[in-house]
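File shown: target_29.txt. Contents: compact mmCIF, C-alpha atoms.
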# COMPACT_ATOMS: atom_id res chain seq x y z
CA MET A 234 77.47 105.93 110.09
CA SER A 235 81.24 105.47 110.36
CA HIS A 236 83.67 108.30 111.10
CA ILE A 237 87.43 108.76 110.78
CA LEU A 238 89.80 110.75 112.99
CA GLU A 239 93.22 111.57 111.54
CA ALA A 240 96.17 113.36 113.10
CA ASP A 241 98.74 114.13 110.43
CA SER A 242 102.14 115.89 110.18
CA VAL A 243 102.33 116.32 113.96
CA MET A 244 105.64 117.82 115.09
CA LEU A 245 106.35 118.81 118.68
CA ARG A 246 109.53 120.01 120.37
CA PHE A 247 110.37 120.78 123.98
CA GLY A 248 113.43 122.97 123.68
CA ASP A 249 115.93 121.16 121.49
CA ARG A 250 114.28 117.78 122.00
CA ALA A 251 112.00 116.44 119.28
CA ILE A 252 109.09 114.72 121.06
CA LEU A 253 106.94 113.98 117.99
CA SER A 254 108.31 113.84 114.46
CA ASP A 255 105.92 113.92 111.49
CA ILE A 256 103.32 111.75 113.26
CA TYR A 257 100.34 110.18 111.52
CA LEU A 258 97.59 108.40 113.48
CA LYS A 259 94.20 107.20 112.33
CA SER A 260 91.21 106.05 114.36
CA GLU A 261 87.83 104.82 113.15
CA THR A 262 84.47 104.39 114.81
CA GLY A 263 83.89 100.77 115.73
CA ARG A 264 87.56 100.27 116.59
CA ILE A 265 89.82 100.60 119.63
CA THR A 266 93.26 101.94 118.79
CA GLY A 267 96.06 101.35 121.28
CA LEU A 268 99.00 103.72 121.65
CA VAL A 269 102.07 102.28 123.39
CA GLY A 270 105.62 103.37 124.12
CA ASN A 271 108.14 103.94 126.89
CA ASN A 272 107.56 106.38 129.72
CA GLY A 273 108.26 109.88 128.45
CA SER A 274 107.96 108.89 124.80
CA GLY A 275 105.24 111.49 124.17
CA LYS A 276 102.00 109.48 124.25
CA SER A 277 100.19 111.94 126.51
CA SER A 278 101.57 114.87 124.54
CA LEU A 279 100.22 113.38 121.32
CA MET A 280 96.75 112.99 122.83
CA LYS A 281 96.81 116.60 124.04
CA VAL A 282 97.88 117.81 120.61
CA ILE A 283 95.06 115.85 118.96
CA PHE A 284 92.54 117.20 121.47
CA GLY A 285 93.82 120.70 120.88
CA VAL A 286 95.03 121.73 124.34
CA LEU A 287 98.77 121.47 123.58
CA HIS A 288 100.30 123.64 120.88
CA ALA A 289 102.47 121.88 118.29
CA GLU A 290 104.68 123.59 115.75
CA CYS A 291 102.89 121.60 113.06
CA LYS A 292 99.73 119.48 113.02
CA SER A 293 96.61 118.64 111.04
CA VAL A 294 93.72 117.07 112.92
CA ARG A 295 90.71 116.06 110.84
CA VAL A 296 87.38 114.36 111.50
CA ASP A 297 85.81 112.95 108.36
CA GLY A 298 88.25 115.00 106.31
CA LYS A 299 87.31 118.31 107.98
CA TYR A 300 90.21 120.21 109.55
CA LEU A 301 89.67 121.09 113.22
CA ALA A 302 92.01 123.71 114.65
CA GLN A 303 90.73 123.12 118.21
CA PRO A 304 88.82 119.81 118.34
CA TYR A 305 87.88 120.27 122.00
CA LEU A 306 85.67 123.20 120.98
CA VAL A 307 83.60 121.02 118.61
CA PRO A 308 80.95 119.43 120.88
CA ASP A 309 80.41 116.13 119.06
CA ALA A 310 83.96 115.53 117.76
CA VAL A 311 86.43 114.41 120.43
CA ASN A 312 86.67 114.24 124.21
CA TYR A 313 89.70 113.40 126.32
CA LEU A 314 90.51 111.76 129.65
CA PRO A 315 93.74 113.20 131.11
CA GLN A 316 95.82 111.32 133.67
CA GLN A 317 94.82 113.75 136.42
CA ASN A 318 91.31 113.95 137.87
CA PHE A 319 89.13 116.69 136.40
CA LEU A 320 85.80 116.61 138.24
CA PRO A 321 85.16 119.44 140.75
CA GLN A 322 85.54 118.00 144.24
CA THR A 323 82.65 119.95 145.77
CA ALA A 324 80.06 118.69 143.26
CA THR A 325 77.72 115.83 144.09
CA VAL A 326 77.48 112.72 141.96
CA ASN A 327 73.87 113.58 141.05
CA LYS A 328 74.89 117.03 139.84
CA ILE A 329 77.73 115.61 137.74
CA CYS A 330 75.44 113.01 136.15
CA ARG A 331 72.88 115.69 135.29
CA GLN A 332 75.54 117.93 133.73
CA TYR A 333 76.87 115.11 131.57
CA GLU A 334 73.41 113.67 130.90
CA VAL A 335 74.31 110.16 132.02
CA SER A 336 72.49 107.72 134.27
CA LEU A 337 73.83 106.89 137.72
CA VAL A 338 71.88 103.64 137.47
CA GLY A 339 73.77 102.86 134.27
CA PHE A 340 77.06 103.56 136.04
CA LYS A 341 76.16 101.16 138.84
CA GLN A 342 75.20 98.52 136.31
CA SER A 343 78.57 98.84 134.60
CA PHE A 344 80.77 98.81 137.70
CA ASP A 345 80.58 97.01 141.01
CA VAL A 346 81.30 99.99 143.26
CA ALA A 347 79.52 101.63 146.18
CA ILE A 348 78.26 105.08 145.26
CA LYS A 349 75.29 107.33 146.07
CA GLY A 350 73.95 110.33 144.22
CA SER A 351 74.40 112.48 147.33
CA ASP A 352 78.12 111.65 147.57
CA HIS A 353 80.53 114.49 146.88
CA VAL A 354 83.32 113.87 144.40
CA ALA A 355 85.91 114.63 147.09
CA ASP A 356 84.59 111.77 149.22
CA LEU A 357 84.74 109.10 146.51
CA HIS A 358 87.40 106.40 146.57
CA GLY A 359 90.13 107.14 144.03
CA SER A 360 89.19 104.26 141.71
CA THR A 361 85.48 105.13 141.93
CA ARG A 362 86.19 108.74 140.98
CA ARG A 363 88.27 107.56 138.04
CA LEU A 364 85.55 105.17 136.88
CA LEU A 365 82.97 107.93 137.07
CA GLU A 366 85.17 110.19 134.93
CA LEU A 367 85.63 107.38 132.43
CA PHE A 368 81.92 106.61 132.31
CA LEU A 369 81.02 110.26 131.71
CA LEU A 370 83.36 110.59 128.73
CA ILE A 371 82.71 107.16 127.25
CA LYS A 372 78.97 107.75 127.31
CA ARG A 373 79.12 111.27 125.88
CA PRO A 374 77.86 111.41 122.26
CA THR A 375 81.22 112.26 120.69
CA LYS A 376 82.59 110.51 117.63
CA PHE A 377 85.89 109.78 119.36
CA THR A 378 87.22 109.45 122.90
CA LEU A 379 90.90 109.66 123.89
CA LEU A 380 91.78 107.86 127.14
CA ASP A 381 95.12 108.39 128.90
CA GLU A 382 95.88 105.58 131.39
CA PRO A 383 92.28 104.39 131.92
CA PHE A 384 93.25 101.07 133.58
CA THR A 385 95.85 102.45 135.99
CA HIS A 386 95.08 101.88 139.71
CA LEU A 387 92.00 99.76 138.96
CA SER A 388 91.51 96.28 140.42
CA PRO A 389 91.44 93.32 137.99
CA ILE A 390 87.64 93.01 138.22
CA LEU A 391 87.16 96.73 137.51
CA VAL A 392 89.56 96.48 134.56
CA GLN A 393 87.42 93.66 133.16
CA GLN A 394 84.24 95.70 133.62
CA LEU A 395 85.83 98.69 131.92
CA GLN A 396 86.98 96.50 129.03
CA MET A 397 83.41 95.24 128.58
CA LEU A 398 82.08 98.81 128.55
CA LEU A 399 84.63 99.89 125.94
CA LEU A 400 83.86 96.91 123.71
CA GLU A 401 80.14 97.69 123.98
CA GLU A 402 80.49 101.42 123.33
CA LYS A 403 82.87 101.08 120.38
CA ARG A 404 79.78 100.29 118.32
CA HIS A 405 78.98 104.01 118.60
CA LYS A 406 82.40 105.70 118.54
CA GLY A 407 86.13 105.27 118.10
CA PHE A 408 88.62 105.02 120.97
CA VAL A 409 92.30 105.86 121.22
CA LEU A 410 93.86 104.75 124.49
CA THR A 411 97.23 104.30 126.12
CA ASP A 412 98.04 102.52 129.36
CA HIS A 413 100.98 100.99 131.22
CA ASN A 414 98.77 97.92 131.73
CA PHE A 415 99.60 96.58 128.28
CA HIS A 416 98.07 93.19 129.02
CA SER A 417 94.66 94.82 129.48
CA LEU A 418 95.09 97.04 126.44
CA LYS A 419 96.16 94.38 123.97
CA HIS A 420 93.10 92.20 124.62
CA ILE A 421 90.68 94.86 123.42
CA ALA A 422 92.75 96.78 120.84
CA ASP A 423 91.86 96.32 117.18
CA ASP A 424 95.16 97.87 116.12
CA LEU A 425 98.21 99.41 117.75
CA TYR A 426 100.61 102.28 117.26
CA PHE A 427 104.12 102.29 118.76
CA LEU A 428 105.74 105.59 119.69
CA ASN A 429 109.53 105.34 119.94
CA ASN A 430 112.14 108.10 119.63
CA GLY A 431 109.49 110.50 118.34
CA VAL A 432 108.43 108.17 115.53
CA LEU A 433 105.00 106.51 115.39
CA LYS A 434 104.62 103.13 113.70
CA HIS A 435 101.37 101.32 113.04
CA ARG A 436 101.11 97.59 113.79
CA ASN A 437 98.02 95.57 112.95
CA ASP A 438 99.36 92.23 114.21
CA VAL A 439 98.04 92.59 117.75
CA GLU A 440 98.27 88.86 118.45
CA ASN A 441 102.02 88.84 117.79
CA ILE A 442 102.70 91.96 119.79
CA GLU A 443 105.27 90.37 122.11
CA THR A 444 107.74 90.67 119.22
CA TYR A 445 107.88 94.40 119.91
CA ARG A 446 107.89 94.41 123.70
CA SER A 447 111.38 95.95 123.78
CA LEU A 448 109.82 99.17 122.49
CA PHE A 449 107.82 99.79 125.64
CA GLU A 450 107.64 99.05 129.35
CA LEU A 451 105.14 96.50 130.61

Would it be possible to restate this file's structure as structure tokens?
Amino acid sequence: MSHILEADSVMLRFGDRAILSDIYLKSETGRITGLVGNNGSGKSSLMKVIFGVLHAECKSVRVDGKYLAQPYLVPDAVNYLPQQNFLPQTATVNKICRQYEVSLVGFKQSFDVAIKGSDHVADLHGSTRRLLELFLLIKRPTKFTLLDEPFTHLSPILVQQLQMLLLEEKRHKGFVLTDHNFHSLKHIADDLYFLNNGVLKHRNDVENIETYRSLFEL
């Protein structure tokens, strides 16, 4: 069954500065939607507004046409990967996998990293911790997953493995992601949105994306 996530009429200000102006974004299950723009353009803020953890003066977030005031409180609707790490450092990998109901074996099959169930989160290499966070959210049975900078600080081989996982899992959910590594993003995105000067524009010509490279930093 397909699902649709829509964020409509999103308006956000920080003081006198308009960060987001009457934004509309749509994501569908089975598709990866890329969100690009310059540093400070508001991409992370938009994701937080959609997830429901950042207050906006105006917004309408809907899943399958149903309005969700706080999507993060609806278990099967949307989850979100922030730029900062979120796993408790004192927890073991086994405990985290049990809490999120994912398989450590599956994680090892997806990524070529050294990890043991008895390892504490605090002792994991930075990229391994990030991959574990990604795996937990990607594998959770939500309709949509928002990913903020998922490729950052990953080696080329880990980026490829993450791309493969996203392409496999998009059969079950929809993804919205943003990343400074535009080269990695554009090769898996089914469509793209550009955020510039508070205005969001949809582009479906992913193959000709270099035309718009002045709108964002590579």

Excluding A:Asp297 and any residue of its chain fewer than 5 positions from it, enumerate the residues within 8 Å of it, using all atoms listed in the file, and give them as a short mmCIF file (atom, residue, chain, number, x, y, z; two decimals) with C-alpha atoms, in the frame of the given file.
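The resulting part.cif:
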data_model
loop_
_atom_site.label_atom_id
_atom_site.label_comp_id
_atom_site.auth_asym_id
_atom_site.auth_seq_id
_atom_site.Cartn_x
_atom_site.Cartn_y
_atom_site.Cartn_z
CA HIS A 236 83.67 108.30 111.10
CA ILE A 237 87.43 108.76 110.78
CA LEU A 238 89.80 110.75 112.99
#

Just give me the residues with any atom within 9 Å of (103.8, 107.7, 117.2), file coordinates, counting only C-alpha atoms, written as number ranges by chain. A: 253-258, 268-270, 274-276, 279, 426-435

The selected residues should be written to file as a compact mmCIF listing (two decimals), in the frame of the given file (atoms: C-alpha atoms).
# COMPACT_ATOMS: atom_id res chain seq x y z
CA LEU A 253 106.94 113.98 117.99
CA SER A 254 108.31 113.84 114.46
CA ASP A 255 105.92 113.92 111.49
CA ILE A 256 103.32 111.75 113.26
CA TYR A 257 100.34 110.18 111.52
CA LEU A 258 97.59 108.40 113.48
CA LEU A 268 99.00 103.72 121.65
CA VAL A 269 102.07 102.28 123.39
CA GLY A 270 105.62 103.37 124.12
CA SER A 274 107.96 108.89 124.80
CA GLY A 275 105.24 111.49 124.17
CA LYS A 276 102.00 109.48 124.25
CA LEU A 279 100.22 113.38 121.32
CA TYR A 426 100.61 102.28 117.26
CA PHE A 427 104.12 102.29 118.76
CA LEU A 428 105.74 105.59 119.69
CA ASN A 429 109.53 105.34 119.94
CA ASN A 430 112.14 108.10 119.63
CA GLY A 431 109.49 110.50 118.34
CA VAL A 432 108.43 108.17 115.53
CA LEU A 433 105.00 106.51 115.39
CA LYS A 434 104.62 103.13 113.70
CA HIS A 435 101.37 101.32 113.04

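Once only C-alpha atoms are considered, the residues situated within 10 Å of the file point (93.1, 102.5, 123.4) turn out to be A:Ser260, A:Arg264, A:Ile265, A:Thr266, A:Gly267, A:Leu268, A:Val269, A:Thr378, A:Leu379, A:Leu380, A:Asp381, A:Glu382, A:Pro383, A:Leu399, A:Gly407, A:Phe408, A:Val409, A:Leu410, A:Thr411, A:Asp412, A:Ser417, A:Leu418, A:Lys419, A:Ile421, A:Ala422, A:Asp423, A:Asp424, A:Leu425, A:Tyr426.
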
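Between atom CA of A:Phe368 and atom CA of A:Asp356 the interatomic distance comes to 17.9 Å.
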
Tell me which of A:Glu334, A:Asp345, A:Glu402, A:Asp241 sits closest to A:Ile390, counting all atoms listed in the file.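 Nearest to A:Ile390: A:Asp345.
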
Stretch 290-294 of chain A environment, 7 Å, only C-alpha atoms, sequence neighbours closer than 2 positions dropped, as a list in words: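 Within the cut-off, the hits are Glu239, Ala240, Asp241, Ser242, Val243, Met244, Leu245, Ile283, His288, Tyr300 and Leu301 of chain A.
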
May I have the residues from that selection written out with C-alpha atoms, as a PDB file, in the coordinates of the input?
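Once written, part_35.pdb looks like this:
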ATOM      1  CA  GLU A 239      93.220 111.570 111.540  1.00  0.00           C
ATOM      2  CA  ALA A 240      96.170 113.360 113.100  1.00  0.00           C
ATOM      3  CA  ASP A 241      98.740 114.130 110.430  1.00  0.00           C
ATOM      4  CA  SER A 242     102.140 115.890 110.180  1.00  0.00           C
ATOM      5  CA  VAL A 243     102.330 116.320 113.960  1.00  0.00           C
ATOM      6  CA  MET A 244     105.640 117.820 115.090  1.00  0.00           C
ATOM      7  CA  LEU A 245     106.350 118.810 118.680  1.00  0.00           C
ATOM      8  CA  ILE A 283      95.060 115.850 118.960  1.00  0.00           C
ATOM      9  CA  HIS A 288     100.300 123.640 120.880  1.00  0.00           C
ATOM     10  CA  TYR A 300      90.210 120.210 109.550  1.00  0.00           C
ATOM     11  CA  LEU A 301      89.670 121.090 113.220  1.00  0.00           C
TER      12      LEU A 301
END

Which residue out of A:His386, A:His420, A:Arg331, A:Lys376 has the minimum interatomic distance to A:His358 when only C-alpha atoms are used?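 Of A:His386, A:His420, A:Arg331, A:Lys376, the one nearest A:His358 is A:His386, counting only C-alpha atoms.
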
For A:Gly263, list every protein, DNA or RNA residue within 8 Å, evaluated using all atoms listed in the file, and leave out those in the same chain fewer than 6 positions away; present the list as a list in words. Ser235, Lys403, Arg404, His405, Lys406 and Gly407 of chain A

Atom CA of A:His413 sits from atom CA of A:Phe284 at a separation of 20.7 Å

Here is a test: counting only C-alpha atoms, which residue of A:Leu370, A:Met280, A:Leu320, A:Met397 is nearest to A:Val335? A:Leu370

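Taking atom CA of A:Gly359 and atom CA of A:Asn272 as endpoints, the distance between them is 22.6 Å.
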
Residues within 9 Å of A:Pro308, all atoms listed in the file, excluding chain neighbours under 4 positions, as a compact mmCIF listing (two decimals) with C-alpha atoms, in the frame of the given file:
# COMPACT_ATOMS: atom_id res chain seq x y z
CA PRO A 304 88.82 119.81 118.34
CA ASN A 312 86.67 114.24 124.21
CA PRO A 374 77.86 111.41 122.26
CA THR A 375 81.22 112.26 120.69

Calculated over all atoms listed in the file, which of the candidates A:Tyr305, A:Phe344, A:Phe384, A:Tyr333 has the smallest distance to A:Phe415? A:Phe384
